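Undergrad: Sharing a structure here in structure tokens format.
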Amino acid sequence: MLKIPGDGVSNLIYMKMAKTIFDPAIGELYKIKELCAEKGVDADVQKRLSDAISLAEARDTYCASVSSEPSEALATLQRETLEYPFDQAYQDGKTKWKLSPRMMSGHFEGKFLQSIVSMSKAKRVLEIGMFTGYSALACAEVLPEDGTVTALEFDPFLEEVAKGFFANSPCGKKISIRIGDAKETLLKLAEEKAQYDIVFIDANKDGYVNYFKTVIEKDLLAKGGTVILDNALMYGGAYNTKSTNENALAIRKCNEYVKSRDDMFQVLVPIRDGALIVRRKEDVYI
Ligand SMILES: C[S@@+](CC[C@H](N)C(=O)[O-])C[C@H]1O[C@@H](n2cnc3c(N)ncnc32)[C@H](O)[C@@H]1O
């Protein structure tokens with residue numbers, strides 16, 4: 001049995017939580033399993049169904065287990081985010097909306113982001129939607145000493161939480177947080193003539209098309225840069241045409257918008273909840 005990287009227990013909890021949500025086919029298999037038990041279906045069939053579920057679930061766990069270890073600071077950030085009393089914070093009026101540890105990208109996707117940032121030799125990363133800072137810190141860790149991560153977040157409460165985590169790492173100093181509605185902050189960054197090599201979009205789904213358009217049209221994406229849009233599968237709602245979930249509809253619209261642009265090159269990678277990687281065609285077919 002391969003070791004789960006970092007804090008094995010929190011990674012296992014996280015993956016179990018994530019897997020049933022992100023792949024709707026597995027959720028469906030669980031429902032069929034219950035139905036089989038209720039209807040007294042042959043025990044051998046039930047056992048094979050359980051084995052099929054275990055195999056499907058083992059996929060991400062295996063991928064994470066052979067991926068590199070997270071740093072101590074990232075492992076702590078992940079564990080403490082999983083344990084954080086977000087419901088209480090919301091009830092106490094500290095957060096603007098109900099936050100959940102499920103929002104965190106986590107170890108496996110963190111390694112994926114680190115690969116892209118390091119392969120592209122990026123120096124400037126823009127993140128739209130910081131939460132407790134997992135992806136921001138993951139990117140900061142693979143940037144050069146003078147590299148920067150600008151992390152946009154709407155909820156001021158998260159600034160303090162993330163700053164606490166960033167303080168645990170020497171790379172935390174590369175991250176600057178901008179609190180406010182990303183729609184407005186992006187316009188301010190464009191006025192400041194800021195440019196980024198990597199833009200990671202991971203905030204409210206109904207804002208995705210606007211964020212993408214602003215990044216491209218206001219020249220926030222540097223020449224040769226890459227945009228990564230998270231949750232491009234939206235729990236399967238992107239391809240499950242029966243889904244009427246508003247986030248799924250927003251993501252479908254965004255994926256279609258990107259696809260409709262003749263000047264863009266893109267690939268949807270089915271990692272975790274899907275990452276749509278977009279580049280300017282002129283930077284790809286050189
Ligand atoms: C999915 S979480 C981000 C997860 C984070 N990238 C990570 O890896 O852990 C989305 C975040 O976007 C923030 N957000 C939502 N709407 C926003 C907006 N209009 N402007 C800026 N941030 C927003 C939410 O408060 C939340 O913290």
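Chain lettering (A, B, ...) mirrors the order of the structure tokens, residue numbering begins at 1 for each chain separately, and ligand numbering begins at 1 in order of display.
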Mind listing the residues within 7 Å of ligand 1, only C-alpha atoms and all ligand atoms counted, as a ChimeraX atom specification?
TA: /A:103-106,128-136,152-155,180-183,202-204,207
Undergrad: Restrict the calculation to only C-alpha atoms, then for each residue of region 167-203 of chain A with any atom at most 8 Å from an atom of region 113-126 of chain A give the closest atom pair and their distance in Å to one decimal, rows by chain and rising residue number, as CSV.
TA:
residue,atom,partner,partner_atom,distance
A:Gln195,CA,A:Arg124,CA,7.5
A:Tyr196,CA,A:Arg124,CA,4.9
A:Asp197,CA,A:Arg124,CA,5.4
A:Ile198,CA,A:Val125,CA,4.8
A:Val199,CA,A:Leu126,CA,4.7
A:Phe200,CA,A:Leu126,CA,6.2
Undergrad: Using the selection just defined, write its residues with N, CA and C atoms as a JSON list (two decimals), in the first residue's frame.
TA:
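File produced: out_19.json:
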[["chain", "number", "residue", "atom", "x", "y", "z"],
["A", 195, "GLN", "N", 0.74, 42.73, -15.00],
["A", 195, "GLN", "CA", 0.67, 41.62, -15.94],
["A", 195, "GLN", "C", 1.11, 40.33, -15.25],
["A", 196, "TYR", "N", 0.53, 39.22, -15.68],
["A", 196, "TYR", "CA", 0.79, 37.95, -15.01],
["A", 196, "TYR", "C", 1.12, 36.84, -15.99],
["A", 197, "ASP", "N", 1.99, 35.93, -15.55],
["A", 197, "ASP", "CA", 2.35, 34.78, -16.39],
["A", 197, "ASP", "C", 1.34, 33.64, -16.23],
["A", 198, "ILE", "N", 0.80, 33.53, -15.02],
["A", 198, "ILE", "CA", -0.22, 32.51, -14.75],
["A", 198, "ILE", "C", -1.39, 33.19, -14.05],
["A", 199, "VAL", "N", -2.60, 32.92, -14.53],
["A", 199, "VAL", "CA", -3.81, 33.42, -13.86],
["A", 199, "VAL", "C", -4.65, 32.20, -13.49],
["A", 200, "PHE", "N", -4.93, 32.04, -12.20],
["A", 200, "PHE", "CA", -5.72, 30.91, -11.73],
["A", 200, "PHE", "C", -7.09, 31.44, -11.31]]
Undergrad: Which residues of region 122-225 of chain A come within 12 Å of region 59-76 of chain A, and for each one, what is the closest pair of atoms and their distance in Å to one decimal, counting only C-alpha atoms, sorted by chain and residue number, as a tab-separated table?
TA:
residue	atom	partner	partner_atom	distance
A:Thr132	CA	A:Leu74	CA	10.8
A:Gly133	CA	A:Leu74	CA	9.2
A:Tyr134	CA	A:Leu74	CA	6.7
A:Ser135	CA	A:Leu74	CA	9.2
A:Ala136	CA	A:Leu74	CA	10.3
A:Leu137	CA	A:Leu74	CA	7.3
A:Ala138	CA	A:Leu74	CA	7.2
A:Cys139	CA	A:Leu74	CA	10.9
A:Ala140	CA	A:Leu74	CA	11.1
A:Glu141	CA	A:Ser71	CA	8.9
A:Val142	CA	A:Ser71	CA	11.3
A:Ala162	CA	A:Leu74	CA	11.4
A:Gly164	CA	A:Ala73	CA	10.6
A:Phe165	CA	A:Ala73	CA	7.2
A:Phe166	CA	A:Ala73	CA	7.9
A:Ala167	CA	A:Ala73	CA	8.9
A:Asn168	CA	A:Ala73	CA	5.8
A:Ser169	CA	A:Ala73	CA	5.8
A:Pro170	CA	A:Ala73	CA	9.4
A:Cys171	CA	A:Ala73	CA	9.7
A:Gly172	CA	A:Ala73	CA	9.6
Undergrad: Produce a file of the selected residues containing N, CA and C atoms, as a tab-separated table (two decimals), in the first residue's frame.
TA:
chain	number	residue	atom	x	y	z
A	132	THR	N	-8.51	29.88	1.95
A	132	THR	CA	-7.53	29.91	3.04
A	132	THR	C	-6.09	29.90	2.52
A	133	GLY	N	-5.94	29.93	1.19
A	133	GLY	CA	-4.61	30.17	0.63
A	133	GLY	C	-3.82	28.97	0.13
A	134	TYR	N	-4.48	27.79	0.00
A	134	TYR	CA	-3.69	26.61	-0.41
A	134	TYR	C	-3.00	26.82	-1.76
A	135	SER	N	-3.79	27.18	-2.78
A	135	SER	CA	-3.19	27.28	-4.12
A	135	SER	C	-2.22	28.46	-4.20
A	136	ALA	N	-2.51	29.55	-3.46
A	136	ALA	CA	-1.59	30.70	-3.47
A	136	ALA	C	-0.23	30.30	-2.91
A	137	LEU	N	-0.23	29.58	-1.79
A	137	LEU	CA	1.04	29.18	-1.18
A	137	LEU	C	1.73	28.12	-2.03
A	138	ALA	N	0.94	27.21	-2.62
A	138	ALA	CA	1.54	26.18	-3.49
A	138	ALA	C	2.29	26.86	-4.64
A	139	CYS	N	1.66	27.87	-5.26
A	139	CYS	CA	2.32	28.58	-6.36
A	139	CYS	C	3.56	29.33	-5.86
A	140	ALA	N	3.42	30.02	-4.72
A	140	ALA	CA	4.53	30.80	-4.17
A	140	ALA	C	5.77	29.91	-3.94
A	141	GLU	N	5.53	28.67	-3.52
A	141	GLU	CA	6.65	27.78	-3.20
A	141	GLU	C	7.54	27.47	-4.40
A	142	VAL	N	6.97	27.55	-5.62
A	142	VAL	CA	7.79	27.18	-6.79
A	142	VAL	C	8.18	28.40	-7.62
A	162	ALA	N	-5.66	33.29	6.14
A	162	ALA	CA	-4.59	32.93	5.19
A	162	ALA	C	-3.24	33.49	5.64
A	164	GLY	N	-2.15	33.92	8.55
A	164	GLY	CA	-1.63	33.04	9.61
A	164	GLY	C	-0.90	31.85	8.99
A	165	PHE	N	-1.49	31.27	7.94
A	165	PHE	CA	-0.86	30.12	7.28
A	165	PHE	C	0.40	30.55	6.51
A	166	PHE	N	0.34	31.70	5.86
A	166	PHE	CA	1.49	32.16	5.06
A	166	PHE	C	2.70	32.43	5.96
A	167	ALA	N	2.41	32.83	7.20
A	167	ALA	CA	3.50	33.14	8.13
A	167	ALA	C	4.32	31.89	8.48
A	168	ASN	N	3.75	30.69	8.24
A	168	ASN	CA	4.46	29.45	8.53
A	168	ASN	C	5.49	29.09	7.48
A	169	SER	N	5.52	29.87	6.38
A	169	SER	CA	6.40	29.50	5.27
A	169	SER	C	7.28	30.68	4.85
A	170	PRO	N	8.54	30.41	4.51
A	170	PRO	CA	9.39	31.51	4.02
A	170	PRO	C	8.87	32.06	2.69
A	171	CYS	N	8.04	31.27	1.99
A	171	CYS	CA	7.51	31.72	0.68
A	171	CYS	C	6.27	32.61	0.84
A	172	GLY	N	5.73	32.66	2.07
A	172	GLY	CA	4.52	33.46	2.31
A	172	GLY	C	4.72	34.93	1.96
Undergrad: Skip Ala250 (chain A) itself and residues of its chain fewer than 2 positions away, then list as a VMD selection string all residues within 8 Å of it, counting only C-alpha atoms.
TA: chain A and resid 205 to 206 208 246 to 248 252 to 254
Undergrad: Just want the 7 Å neighbourhood of Gln266 (chain A), counted on only C-alpha atoms, with same-chain residues fewer than 5 positions away dropped. Output as a PyMOL selection string.
TA: chain A and resi 276-279
Undergrad: Just checking: using only C-alpha atoms, which residue out of A:Glu160, A:Asp263, A:Glu217, A:Asp44 ends up closest to Leu187 (chain A)?
TA: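 Residue with the minimum atom-to-atom distance to Leu187 (chain A): A:Glu217.
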